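To be precise, the following lines are entry_28.txt, and they hold compact mmCIF, C-alpha atoms and all ligand atoms.
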```
# COMPACT_ATOMS: atom_id res chain seq x y z
CA MET A 671 0.00 0.00 0.00
CA ASP A 672 2.71 2.44 0.97
CA ALA A 673 4.68 1.66 -2.13
CA ASP A 674 1.63 2.16 -4.32
CA ASP A 675 0.95 5.56 -2.81
CA GLU A 676 4.41 6.78 -3.64
CA ILE A 677 4.14 5.96 -7.34
CA PRO A 678 2.89 8.95 -9.33
CA THR A 679 -0.44 8.08 -10.87
CA LEU A 680 -0.80 8.90 -14.54
CA VAL A 681 -4.37 7.74 -15.03
CA PRO A 682 -7.47 8.74 -13.13
CA HIS A 683 -7.84 6.58 -10.11
CA ASN A 684 -10.86 4.38 -10.28
CA ASN A 685 -11.73 1.11 -8.68
CA VAL A 686 -10.09 -1.13 -11.27
CA PRO A 687 -7.23 -3.16 -9.93
CA ASP A 688 -3.76 -3.16 -11.44
CA ALA A 689 -4.12 -2.87 -15.20
CA VAL A 690 -1.05 -4.98 -15.85
CA PRO A 691 -1.68 -8.69 -15.51
CA SER A 692 0.84 -9.84 -13.00
CA SER A 693 0.44 -13.60 -13.22
CA ASP A 694 -1.05 -16.10 -15.61
CA ASP A 695 -4.28 -16.31 -13.74
CA ALA A 696 -4.85 -12.58 -13.79
CA ALA A 697 -8.11 -11.54 -15.43
CA PRO A 698 -7.73 -12.18 -19.18
CA ALA A 699 -9.56 -8.92 -19.79
CA ALA A 700 -7.67 -6.84 -22.29
CA LYS A 701 -5.64 -9.27 -24.35
CA VAL A 702 -5.67 -8.32 -27.98
CA PRO A 703 -5.72 -11.09 -30.59
CA ILE A 704 -3.20 -11.08 -33.40
CA THR A 705 -3.74 -12.85 -36.70
CA ILE A 706 -0.75 -13.41 -38.92
CA VAL A 707 -1.53 -13.07 -42.62
CA THR A 708 0.99 -14.73 -44.84
CA GLY A 709 1.15 -15.88 -48.42
CA TYR A 710 3.31 -16.07 -51.47
CA LEU A 711 4.15 -12.98 -53.48
CA GLY A 712 1.05 -11.73 -55.24
CA ALA A 713 -1.34 -14.20 -53.61
CA GLY A 714 -3.63 -11.42 -52.44
CA LYS A 715 -2.54 -10.38 -48.94
CA THR A 716 -2.94 -6.69 -49.62
CA THR A 717 -6.26 -7.27 -51.32
CA LEU A 718 -7.44 -9.14 -48.25
CA LEU A 719 -6.29 -6.46 -45.84
CA ASN A 720 -7.98 -3.76 -47.89
CA TYR A 721 -11.14 -5.83 -47.97
CA ILE A 722 -11.09 -6.25 -44.20
CA LEU A 723 -10.44 -2.59 -43.57
CA THR A 724 -13.40 -1.49 -45.68
CA GLU A 725 -15.85 -4.12 -44.42
CA GLU A 726 -18.04 -3.28 -41.47
CA HIS A 727 -16.69 -5.30 -38.62
CA GLY A 728 -17.02 -2.88 -35.74
CA LYS A 729 -13.45 -3.49 -34.64
CA LYS A 730 -10.56 -1.12 -34.30
CA ILE A 731 -7.87 -2.99 -36.16
CA ALA A 732 -4.17 -2.26 -36.28
CA VAL A 733 -2.50 -3.51 -39.43
CA ILE A 734 1.19 -4.10 -39.14
CA LEU A 735 3.32 -4.74 -42.16
CA ASN A 736 6.44 -6.67 -41.46
CA GLU A 737 9.20 -5.79 -43.85
CA PHE A 738 11.95 -8.22 -44.42
CA GLY A 739 13.80 -5.97 -46.77
CA ASP A 740 11.30 -6.43 -49.57
CA SER A 741 10.19 -3.47 -51.59
CA ILE A 742 6.51 -3.98 -51.86
CA ASP A 743 4.47 -1.11 -53.16
CA ILE A 744 1.80 -1.12 -50.51
CA GLU A 745 4.38 -0.87 -47.83
CA LYS A 746 5.95 2.16 -49.44
CA GLN A 747 2.56 3.80 -49.83
CA LEU A 748 1.58 3.10 -46.30
CA THR A 749 4.70 4.25 -44.60
CA VAL A 750 5.24 7.65 -46.16
CA SER A 751 3.17 9.86 -43.94
CA GLU A 752 2.95 10.73 -40.28
CA ALA A 753 5.97 9.56 -38.36
CA HIS A 754 5.67 9.08 -34.63
CA THR A 755 8.79 8.66 -32.69
CA THR A 756 9.06 6.51 -29.65
CA ASP A 757 11.87 6.06 -27.24
CA ALA A 758 12.70 2.78 -28.95
CA ARG A 759 12.32 3.39 -32.67
CA PRO A 760 10.27 5.41 -35.09
CA VAL A 761 7.07 3.71 -36.14
CA PRO A 762 5.22 5.34 -39.03
CA PHE A 763 1.44 5.16 -38.82
CA VAL A 764 -1.19 5.66 -41.44
CA PRO A 765 -4.83 6.07 -40.44
CA LEU A 766 -7.22 3.90 -42.41
CA ALA A 767 -10.96 3.47 -42.75
CA ASN A 768 -13.04 2.28 -39.81
CA GLY A 769 -10.73 3.88 -37.30
CA CYS A 770 -8.06 1.35 -38.20
CA ILE A 771 -4.44 2.25 -38.43
CA CYS A 772 -1.52 0.85 -40.29
CA CYS A 773 2.14 0.81 -39.53
CA SER A 774 5.24 -0.87 -40.72
CA VAL A 775 7.89 -2.36 -38.52
CA LYS A 776 11.08 -4.09 -39.44
CA ASP A 777 11.55 -6.50 -36.62
CA VAL A 778 8.21 -7.57 -35.42
CA GLY A 779 8.20 -8.65 -31.85
CA VAL A 780 5.96 -8.48 -28.89
CA ALA A 781 7.80 -5.43 -27.58
CA ALA A 782 7.41 -3.55 -30.86
CA ILE A 783 3.69 -4.19 -30.88
CA GLU A 784 3.16 -3.34 -27.25
CA ASN A 785 5.08 -0.16 -27.91
CA LEU A 786 2.69 0.61 -30.74
CA MET A 787 -0.28 -0.03 -28.52
CA GLU A 788 1.08 2.32 -25.91
CA GLN A 789 1.28 5.10 -28.44
CA ARG A 790 -2.02 4.57 -30.09
CA GLY A 791 -4.24 3.24 -27.37
CA ALA A 792 -5.90 -0.10 -27.37
CA PHE A 793 -6.91 -1.93 -30.50
CA ASP A 794 -9.47 -4.65 -30.70
CA TYR A 795 -7.43 -6.62 -33.13
CA ILE A 796 -4.01 -6.78 -34.75
CA LEU A 797 -3.34 -8.09 -38.24
CA LEU A 798 0.27 -8.75 -39.08
CA GLU A 799 1.02 -9.05 -42.77
CA THR A 800 4.29 -10.74 -43.42
CA THR A 801 5.95 -10.38 -46.77
CA GLY A 802 5.85 -13.11 -49.35
CA LEU A 803 9.03 -14.78 -48.23
CA ALA A 804 8.37 -15.08 -44.55
CA ASP A 805 8.31 -18.38 -42.74
CA PRO A 806 5.45 -18.20 -40.23
CA GLY A 807 7.09 -20.90 -38.15
CA ASN A 808 9.64 -18.35 -37.04
CA ILE A 809 7.13 -15.64 -36.28
CA ALA A 810 4.32 -17.51 -34.56
CA PRO A 811 6.22 -18.55 -31.41
CA LEU A 812 7.16 -14.92 -30.74
CA PHE A 813 3.56 -14.07 -30.00
CA TRP A 814 2.48 -17.36 -28.65
CA LEU A 815 5.24 -17.84 -26.12
CA ASP A 816 4.87 -14.45 -24.52
CA ASP A 817 1.23 -15.07 -23.87
CA GLY A 818 1.86 -16.58 -20.49
CA LEU A 819 4.26 -13.85 -19.50
CA GLY A 820 1.68 -11.18 -18.96
CA SER A 821 1.74 -9.94 -22.53
CA SER A 822 -1.23 -7.94 -23.68
CA ILE A 823 -1.50 -9.74 -27.02
CA PHE A 824 -2.14 -13.33 -27.95
CA LEU A 825 -1.75 -15.30 -31.15
CA ASP A 826 -5.16 -15.99 -32.61
CA GLY A 827 -4.02 -17.86 -35.70
CA ILE A 828 -2.28 -17.89 -39.03
CA VAL A 829 -4.06 -17.22 -42.31
CA THR A 830 -2.23 -18.20 -45.47
CA LEU A 831 -3.24 -16.89 -48.85
CA VAL A 832 -2.57 -19.08 -51.81
CA ASP A 833 -2.68 -18.15 -55.48
CA ALA A 834 -4.78 -20.88 -57.09
CA LYS A 835 -3.11 -20.34 -60.43
CA ASN A 836 0.49 -20.62 -59.24
CA VAL A 837 0.60 -22.60 -56.03
CA LEU A 838 1.20 -26.03 -57.53
CA ARG A 839 4.15 -24.71 -59.47
CA SER A 840 5.46 -23.04 -56.31
CA LEU A 841 5.19 -26.30 -54.41
CA ASP A 842 6.96 -28.22 -57.14
CA GLU A 843 9.86 -25.81 -57.22
CA GLY A 844 11.38 -27.81 -54.43
CA TYR A 845 12.30 -30.63 -56.76
CA GLY A 846 15.18 -29.03 -58.51
CA ASP A 847 13.56 -28.48 -61.89
CA GLY A 848 12.01 -25.17 -60.99
CA PRO A 849 13.00 -21.95 -62.69
CA ALA A 850 16.17 -20.22 -61.64
CA GLY A 851 15.74 -17.91 -58.70
CA GLN A 852 13.22 -20.18 -57.02
CA GLN A 853 12.55 -19.33 -53.44
CA GLU A 854 13.84 -22.29 -51.59
CA HIS A 855 13.43 -22.48 -47.92
CA GLU A 856 16.66 -22.19 -46.06
CA HIS A 857 16.54 -23.53 -42.59
CA GLU A 858 17.81 -21.13 -40.02
CA ASP A 859 18.82 -24.06 -37.89
CA GLY A 860 20.70 -25.90 -40.58
CA HIS A 861 18.54 -28.94 -41.19
CA GLU A 862 19.13 -28.79 -44.90
CA GLY A 863 21.06 -32.02 -44.80
CA HIS A 864 18.03 -34.20 -44.20
CA GLY A 865 17.78 -34.94 -47.88
CA GLY A 866 14.63 -35.54 -49.84
CA PRO A 867 12.68 -32.86 -51.59
CA LEU A 868 13.38 -29.32 -50.50
CA LEU A 869 10.74 -27.42 -48.66
CA THR A 870 9.60 -24.35 -50.50
CA THR A 871 8.28 -21.24 -48.84
CA ALA A 872 4.87 -22.29 -50.11
CA HIS A 873 5.17 -25.51 -48.11
CA LEU A 874 6.07 -23.65 -44.95
CA GLN A 875 3.26 -21.18 -45.32
CA ILE A 876 0.74 -23.95 -45.91
CA SER A 877 2.00 -26.25 -43.18
CA HIS A 878 1.71 -23.61 -40.46
CA ALA A 879 -1.66 -22.23 -41.51
CA ASP A 880 -4.86 -22.46 -39.52
CA VAL A 881 -6.90 -21.10 -42.40
CA ILE A 882 -5.86 -21.36 -46.03
CA ILE A 883 -7.55 -18.99 -48.45
CA VAL A 884 -7.22 -20.30 -51.98
CA ASN A 885 -7.59 -17.06 -53.90
CA LYS A 886 -7.83 -16.17 -57.59
CA THR A 887 -10.29 -18.96 -58.30
CA ASP A 888 -11.39 -16.95 -61.35
CA LEU A 889 -8.11 -17.83 -63.02
CA VAL A 890 -8.45 -21.62 -62.86
CA SER A 891 -10.90 -24.27 -64.01
CA GLU A 892 -12.95 -26.27 -61.56
CA GLN A 893 -10.66 -29.24 -62.14
CA GLU A 894 -7.53 -27.22 -61.49
CA LEU A 895 -9.07 -25.83 -58.33
CA ALA A 896 -9.90 -29.32 -57.10
CA ALA A 897 -6.30 -30.40 -57.71
CA VAL A 898 -5.09 -27.41 -55.71
CA THR A 899 -7.35 -28.01 -52.72
CA THR A 900 -6.56 -31.74 -52.69
CA ARG A 901 -2.84 -31.05 -52.67
CA ILE A 902 -3.20 -28.45 -49.92
CA ARG A 903 -5.36 -30.77 -47.84
CA SER A 904 -2.72 -33.49 -48.14
CA ILE A 905 -0.08 -31.11 -46.77
CA ASN A 906 -2.18 -29.60 -44.02
CA GLY A 907 -5.01 -31.77 -42.79
CA LEU A 908 -5.88 -29.38 -39.97
CA ALA A 909 -6.48 -26.09 -41.71
CA HIS A 910 -9.81 -24.75 -42.78
CA ILE A 911 -9.68 -24.26 -46.57
CA GLN A 912 -11.70 -21.46 -48.11
CA THR A 913 -11.77 -20.64 -51.83
CA THR A 914 -12.20 -17.00 -52.88
CA THR A 915 -12.09 -14.56 -55.73
CA ARG A 916 -10.48 -11.23 -54.81
CA THR A 917 -10.19 -12.59 -51.25
CA GLN A 918 -13.90 -11.99 -50.61
CA VAL A 919 -14.34 -14.38 -47.74
CA PRO A 920 -17.99 -15.07 -46.88
CA GLN A 921 -17.40 -13.88 -43.34
CA LEU A 922 -14.43 -12.58 -41.41
CA GLU A 923 -15.25 -14.26 -38.13
CA GLY A 924 -13.57 -17.66 -37.98
CA LEU A 925 -11.86 -17.22 -41.34
CA VAL A 926 -9.64 -14.23 -40.67
CA LEU A 927 -10.59 -12.88 -37.26
CA ASP A 928 -11.24 -14.76 -34.03
CA LEU A 929 -9.84 -18.09 -35.16
CA HIS A 930 -8.86 -19.23 -31.66
CA ALA A 931 -6.47 -21.61 -33.35
CA TYR A 932 -4.08 -21.65 -30.40
CA ASP A 933 -6.43 -22.15 -27.54
CA ASP A 934 -9.18 -24.69 -27.93
CA VAL A 935 -8.68 -27.97 -29.76
CA SER A 936 -12.00 -29.60 -30.47
CA ALA A 937 -12.52 -33.15 -31.61
CA ALA A 938 -13.96 -31.70 -34.81
CA ASP A 939 -10.74 -29.74 -35.41
CA LEU A 940 -8.86 -33.00 -35.59
CA SER A 941 -11.38 -35.04 -37.50
CA PHE A 942 -10.43 -33.73 -40.94
CA ALA A 943 -6.91 -34.86 -40.52
CA SER A 944 -7.96 -38.28 -39.44
CA LYS A 945 -9.72 -39.12 -42.65
CA GLY A 946 -6.63 -40.42 -44.28
CA HIS A 947 -2.95 -40.27 -44.70
CA SER A 948 -1.90 -39.02 -48.07
CA HIS A 949 1.43 -38.94 -49.80
CA LEU A 950 0.24 -36.61 -52.51
CA ASP A 951 2.84 -34.07 -51.54
CA PRO A 952 6.24 -35.70 -51.18
CA SER A 953 7.61 -33.07 -48.79
CA ILE A 954 5.02 -32.39 -46.11
CA THR A 955 2.14 -34.45 -44.87
CA THR A 956 -0.29 -34.55 -42.02
CA THR A 957 -0.41 -37.64 -39.89
CA THR A 958 -2.63 -38.66 -36.99
CA LEU A 959 -1.55 -40.71 -34.00
CA PRO A 960 -4.55 -42.20 -32.21
CA PHE A 961 -4.05 -43.71 -28.77
CA PRO A 962 -6.18 -44.59 -25.77
CA ALA A 963 -7.10 -42.08 -23.08
CA LEU A 964 -4.29 -41.55 -20.57
CA SER A 965 -4.27 -42.44 -16.92
CA PRO A 966 -2.98 -39.54 -14.78
CA PRO A 967 0.47 -41.11 -14.21
CA GLN A 968 0.96 -41.32 -17.99
CA ILE A 969 0.73 -37.55 -18.46
CA PRO A 970 4.45 -36.90 -17.84
CA LEU A 971 5.24 -39.71 -20.28
CA LEU A 972 3.34 -37.91 -23.00
CA ASP A 973 5.49 -34.92 -22.21
CA THR A 974 8.63 -37.03 -22.57
CA PHE A 975 7.47 -38.10 -26.00
CA LEU A 976 6.62 -34.55 -27.11
CA ARG A 977 9.92 -33.19 -25.90
CA SER A 978 11.81 -35.85 -27.79
CA ILE A 979 10.03 -35.42 -31.11
CA LEU A 980 9.88 -31.61 -30.96
CA TRP A 981 13.11 -30.67 -29.27
CA ASP A 982 15.41 -33.47 -30.43
CA GLU A 983 13.59 -34.37 -33.65
CA ALA A 984 14.10 -37.96 -32.66
CA LEU A 985 12.04 -40.77 -31.24
CA PRO A 986 12.58 -41.50 -27.55
CA THR A 987 12.68 -45.22 -28.33
CA ALA A 988 14.78 -47.41 -30.58
CA HIS A 989 12.24 -47.64 -33.39
CA PRO A 990 14.01 -47.16 -36.69
CA HIS A 991 12.88 -44.01 -38.43
CA SER A 992 14.11 -41.53 -40.97
CA ALA A 993 14.73 -37.90 -40.20
CA PHE A 994 11.65 -35.83 -39.53
CA GLU A 995 10.73 -32.31 -38.62
CA ILE A 996 7.42 -31.20 -37.21
CA HIS A 997 5.98 -27.82 -38.11
CA ARG A 998 2.61 -27.88 -36.43
CA LEU A 999 1.04 -30.15 -33.88
CA LYS A 1000 -2.36 -30.28 -32.27
CA GLY A 1001 -3.70 -32.84 -29.88
CA ARG A 1002 -6.67 -33.66 -27.77
CA VAL A 1003 -5.96 -36.15 -25.03
CA PRO A 1004 -8.68 -37.35 -22.67
CA VAL A 1005 -7.54 -38.47 -19.24
CA THR A 1006 -9.34 -41.27 -17.45
CA ASP A 1007 -10.21 -38.91 -14.60
CA GLY A 1008 -12.44 -36.91 -16.95
CA ARG A 1009 -10.07 -34.09 -17.86
CA VAL A 1010 -9.00 -33.36 -21.43
CA LEU A 1011 -5.52 -32.14 -22.25
CA LEU A 1012 -5.05 -29.90 -25.25
CA VAL A 1013 -1.71 -29.95 -27.02
CA GLN A 1014 -0.50 -27.13 -29.27
CA GLY A 1015 2.86 -26.97 -31.00
CA VAL A 1016 4.70 -24.88 -33.55
CA ARG A 1017 8.13 -26.25 -34.38
CA SER A 1018 9.94 -26.86 -31.10
CA THR A 1019 7.53 -24.76 -29.05
CA TYR A 1020 4.67 -26.62 -27.47
CA ASP A 1021 2.15 -26.27 -24.74
CA VAL A 1022 -0.13 -28.68 -22.92
CA THR A 1023 -3.15 -27.15 -21.24
CA GLU A 1024 -6.28 -28.45 -19.65
CA GLY A 1025 -9.42 -28.11 -21.73
CA LYS A 1026 -12.35 -26.24 -20.29
CA THR A 1027 -14.86 -28.96 -21.05
CA ALA A 1028 -14.27 -32.37 -19.58
CA VAL A 1029 -15.38 -35.61 -21.18
CA ALA A 1030 -16.40 -38.81 -19.54
CA GLY A 1031 -13.22 -40.88 -19.31
CA GLY A 1032 -12.72 -43.31 -22.12
CA GLU A 1033 -15.50 -41.79 -24.15
CA GLU A 1034 -13.09 -40.34 -26.60
CA GLU A 1035 -9.88 -41.57 -28.16
CA ALA A 1036 -6.74 -39.47 -27.71
CA ARG A 1037 -5.21 -37.99 -30.84
CA LEU A 1038 -2.11 -36.14 -31.85
CA VAL A 1039 -2.09 -34.63 -35.31
CA LEU A 1040 1.31 -33.73 -36.74
CA ILE A 1041 2.15 -31.72 -39.82
CA GLY A 1042 5.69 -31.96 -41.03
CA LYS A 1043 8.36 -33.54 -43.12
CA GLY A 1044 9.07 -37.23 -42.82
CA VAL A 1045 6.44 -37.84 -40.15
CA ALA A 1046 6.01 -41.61 -40.43
CA GLN A 1047 2.82 -42.63 -38.73
CA GLU A 1048 3.74 -46.19 -37.76
CA ALA A 1049 7.10 -45.51 -36.13
CA LEU A 1050 5.83 -42.45 -34.29
CA ARG A 1051 2.78 -44.22 -32.97
CA GLU A 1052 4.65 -47.34 -31.87
CA SER A 1053 7.18 -45.18 -30.10
CA LEU A 1054 4.46 -43.19 -28.37
CA LEU A 1055 2.73 -46.33 -27.18
CA GLU A 1056 5.98 -47.75 -25.90
CA VAL A 1057 6.77 -44.56 -23.98
CA LEU A 1058 3.30 -44.63 -22.49
CA GLY A 1059 4.03 -48.12 -21.24
CA GLY A 1060 2.51 -50.18 -24.01
CA SER A 1061 -0.89 -49.40 -22.64
CA GLY A 1062 -3.78 -50.37 -24.81
CA GLY A 1063 -1.73 -50.47 -28.01
CA ASP A 1064 -2.77 -52.80 -30.78
CA LYS A 1065 0.44 -54.79 -30.68
N1 LIG B 1 -7.65 -12.33 -61.18
C1 LIG B 1 -7.53 -12.09 -59.87
N2 LIG B 1 -6.65 -11.18 -59.42
C2 LIG B 1 -6.57 -10.96 -58.11
C3 LIG B 1 -7.36 -11.67 -57.17
N3 LIG B 1 -7.04 -11.26 -55.94
C4 LIG B 1 -6.07 -10.33 -56.07
N4 LIG B 1 -5.78 -10.14 -57.39
C5 LIG B 1 -4.77 -9.25 -57.97
O1 LIG B 1 -3.50 -9.86 -57.82
C6 LIG B 1 -2.48 -8.88 -57.63
C7 LIG B 1 -1.69 -9.18 -56.34
O2 LIG B 1 -2.55 -8.99 -55.22
P1 LIG B 1 -2.03 -8.43 -53.84
O3 LIG B 1 -3.18 -8.34 -52.93
O4 LIG B 1 -1.20 -7.21 -54.04
O5 LIG B 1 -1.10 -9.61 -53.42
P2 LIG B 1 -0.04 -9.63 -52.22
O6 LIG B 1 -0.05 -11.00 -51.66
O7 LIG B 1 -0.27 -8.52 -51.29
O8 LIG B 1 1.28 -9.39 -53.03
P3 LIG B 1 2.73 -9.02 -52.44
O9 LIG B 1 2.52 -7.93 -51.43
O10 LIG B 1 3.47 -8.60 -53.65
O11 LIG B 1 3.28 -10.28 -51.85
C8 LIG B 1 -3.20 -7.55 -57.58
O12 LIG B 1 -3.10 -6.97 -58.84
C9 LIG B 1 -4.65 -7.93 -57.26
O13 LIG B 1 -5.56 -7.00 -57.77
C10 LIG B 1 -8.30 -12.64 -57.69
O14 LIG B 1 -9.03 -13.32 -56.96
N5 LIG B 1 -8.32 -12.80 -59.03
ZN ZN B 2 1.03 -7.09 -50.18
```

Since I need it in another form, could you write the structure as structure tokens?
Amino acid sequence: MDADDEIPTLVPHNNVPDAVPSSDDAAPAAKVPITIVTGYLGAGKTTLLNYILTEEHGKKIAVILNEFGDSIDIEKQLTVSEAHTTDARPVPFVPLANGCICCSVKDVGVAAIENLMEQRGAFDYILLETTGLADPGNIAPLFWLDDGLGSSIFLDGIVTLVDAKNVLRSLDEGYGDGPAGQQEHEHEDGHEGHGGPLLTTAHLQISHADVIIVNKTDLVSEQELAAVTTRIRSINGLAHIQTTTRTQVPQLEGLVLDLHAYDDVSAADLSFASKGHSHLDPSITTTTLPFPALSPPQIPLLDTFLRSILWDEALPTAHPHSAFEIHRLKGRVPVTDGRVLLVQGVRSTYDVTEGKTAVAGGEEEARLVLIGKGVAQEALRESLLEVLGGSGGDK
């Protein structure tokens, strides 16, 4: 009390408690969702953002353009006016329709965005447009990880725009016969030596997406469009796929805004992925590991398994397997005491939380869904069952 009285008060004193959440169970009141919008060059990211900013959505949205040294016209246009200087770095803002604002930052991070919020007051929503070359796997954990640390923003999800006319060619550029100057993915962490087909940027943007908007449907035939969506589904069995012309999504809610892709994991979320295991795309596939509900003592064993596959990119058991890397992971794991554990992962970052709605024990099968390169269902599942103590496996 004494300490509080000595701090100069900058805001009118009312009966609200401390505005800064001090621990993870502080009131989740003012967290602002952030959606990352990614997509290959020319796929329609700017068109989508303009569409959102002119639609009536009743939200005050901040649009942040992340430059990675690309010269993209929209970014030039949007960053010319009104420069506000902060103690940290100058952030140029441009006011847009609907009370939205736009700014451009070079190194996007939680601090940069919180800085922006301090200057401009609260937003209801943040859209982060990454340039065509960005790998969302590097960006997503920045916002997701800080969530538990009292940050005022949380990652809502990743929307990837795909150009229906060009995406198959972009995906096939990984096989060495693509045109010169292809945009190959270069692993920051040096995993290039795994062999096999290279991952293109298109692969990375699709594998990390929660919603995939297949745009420019006016430029392809129905057959071509079906081939595109089938290929995309085989890479990412978890994402919601929406086809559009000029990015005109039927509704924003659930497709671009308020995805909640990093909090709840429903059984329905995982059911798409479970319909089959496809090798249509030779680089990245989605695979499902079903296993029986866990008893409470098995919970740390699940953690052992996750740590091994995500941190070490290796199985914790002696099962022979080829190299793999996991980009995205979601799981729903009932426990025999009635709880449900929800598993979320991006690359090596993962999180296990308790679901809000319990199920009757044993009512539901546990499931991990993995999206990545070289994720062999059989070896992974056998290893998981062995780590869990061989319980209930079909051996
Ligand atoms: N035919 C057709 N053209 C489209 C569609 N959507 C967008 N475009 C056009 O495609 C071009 C690229 O769209 P943008 O929205 O600038 O794409 P972007 O992803 O922001 O592009 P970069 O910022 O360069 O990566 C523009 O000329 C758009 O008008 C569509 O559905 N059909
Ligand atoms: Zn753009």

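The space separating atom CA of A:Ile734 from atom CA of A:Ala872 comes to 21.6 Å.
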
For ligand ZN 2 (chain B), the closest of A:Val702, A:Ile883, A:Leu798, A:Ile731 counting only C-alpha atoms and all ligand atoms is A:Leu798

Axis-aligned box over every listed atom of stretch 796-799 of chain A, padded by 6 Å per side: centre and edges in Å to one decimal, as AutoDock Vina command-line options?
```
--center_x -1.5 --center_y -7.9 --center_z -38.8 --size_x 17.0 --size_y 14.3 --size_z 20.0
```

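Each of A:Thr801, A:Asn808, A:Ser877, A:Thr724 was compared to ligand LIG 1 (chain B) using all atoms listed in the file, and A:Thr801 turns out to be the nearest.
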
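Of the listed residues (A:Pro986, A:Gly728, A:Gly807, A:Pro952), A:Pro952 comes nearest to A:Arg901; the distances count only C-alpha atoms.
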
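For the choices A:Ile911, A:Val837, A:Ile876, A:Leu812, the atom-to-atom distance to A:Glu894 is smallest for A:Val837 when using all atoms listed in the file.
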
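One finds atom CA of A:Thr956 at 16.4 Å from atom CA of A:Leu976.
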
note - atom CA of A:Thr955 and atom CA of A:Trp981 are separated by 19.4 Å

Per-residue nearest contacts chain A to ligand LIG 1 (chain B), cut-off 9 Å, using only C-alpha atoms and all ligand atoms, as CSV:
```
residue,atom,partner,partner_atom,distance
A:Thr708,CA,B:LIG1,O6,7.8
A:Gly709,CA,B:LIG1,O6,6.0
A:Tyr710,CA,B:LIG1,O11,5.8
A:Leu711,CA,B:LIG1,O11,3.3
A:Gly712,CA,B:LIG1,O8,3.2
A:Ala713,CA,B:LIG1,O6,4.0
A:Gly714,CA,B:LIG1,O3,3.2
A:Lys715,CA,B:LIG1,O6,3.7
A:Thr716,CA,B:LIG1,O7,3.6
A:Thr717,CA,B:LIG1,O3,3.6
A:Leu718,CA,B:LIG1,O3,6.4
A:Leu719,CA,B:LIG1,O3,8.0
A:Asn720,CA,B:LIG1,O3,8.3
A:Ser741,CA,B:LIG1,O10,8.7
A:Ile742,CA,B:LIG1,O9,5.6
A:Asp743,CA,B:LIG1,O9,7.3
A:Ile744,CA,B:LIG1,O9,6.9
A:Glu745,CA,B:LIG1,O9,8.1
A:Glu799,CA,B:LIG1,O7,8.6
A:Thr800,CA,B:LIG1,O11,8.5
A:Thr801,CA,B:LIG1,O11,5.7
A:Gly802,CA,B:LIG1,O11,4.6
A:Leu803,CA,B:LIG1,O11,8.1
A:Leu831,CA,B:LIG1,O6,7.3
A:Val832,CA,B:LIG1,O6,8.5
A:Asp833,CA,B:LIG1,O14,8.1
A:Ala834,CA,B:LIG1,O14,8.7
A:Val884,CA,B:LIG1,O14,8.8
A:Asn885,CA,B:LIG1,O14,5.0
A:Lys886,CA,B:LIG1,O14,3.2
A:Thr887,CA,B:LIG1,O14,5.9
A:Asp888,CA,B:LIG1,N5,5.7
A:Leu889,CA,B:LIG1,N1,5.8
A:Thr914,CA,B:LIG1,O14,6.3
A:Thr915,CA,B:LIG1,O14,3.5
A:Arg916,CA,B:LIG1,O14,3.3
A:Thr917,CA,B:LIG1,N3,5.8
A:Gln918,CA,B:LIG1,O14,8.1
```

inquiry  = Report as number ranges by chain all protein, DNA and RNA residues lying within 8 Å of stretch 1011-1026 of chain A, evaluated on all atoms listed in the file, omitting residues in the same chain fewer than 2 positions from it.
reply    = A: 807, 810-811, 815, 878, 932-935, 980-981, 995-1005, 1009, 1028, 1038

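Closest approach to A:Glu726 among A:Gln912, A:Ser941, A:Ser1053, A:Gln921 is made by A:Gln921 (distances from all atoms listed in the file).
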
Counting all atoms listed in the file, which residues have an atom no more than 10 Å from (-5.0, -43.2, -20.2) in the file's coordinates? Please list them as a VMD selection string. chain A and resid 961 to 969 1003 to 1007 1031 to 1032 1035 to 1036 1058 1061 to 1062

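Distances here use only C-alpha atoms and all ligand atoms; by that measure, the residue among A:Leu735, A:Ile809, A:Ile722, A:Thr958 closest to ligand ZN 2 (chain B) is A:Leu735.
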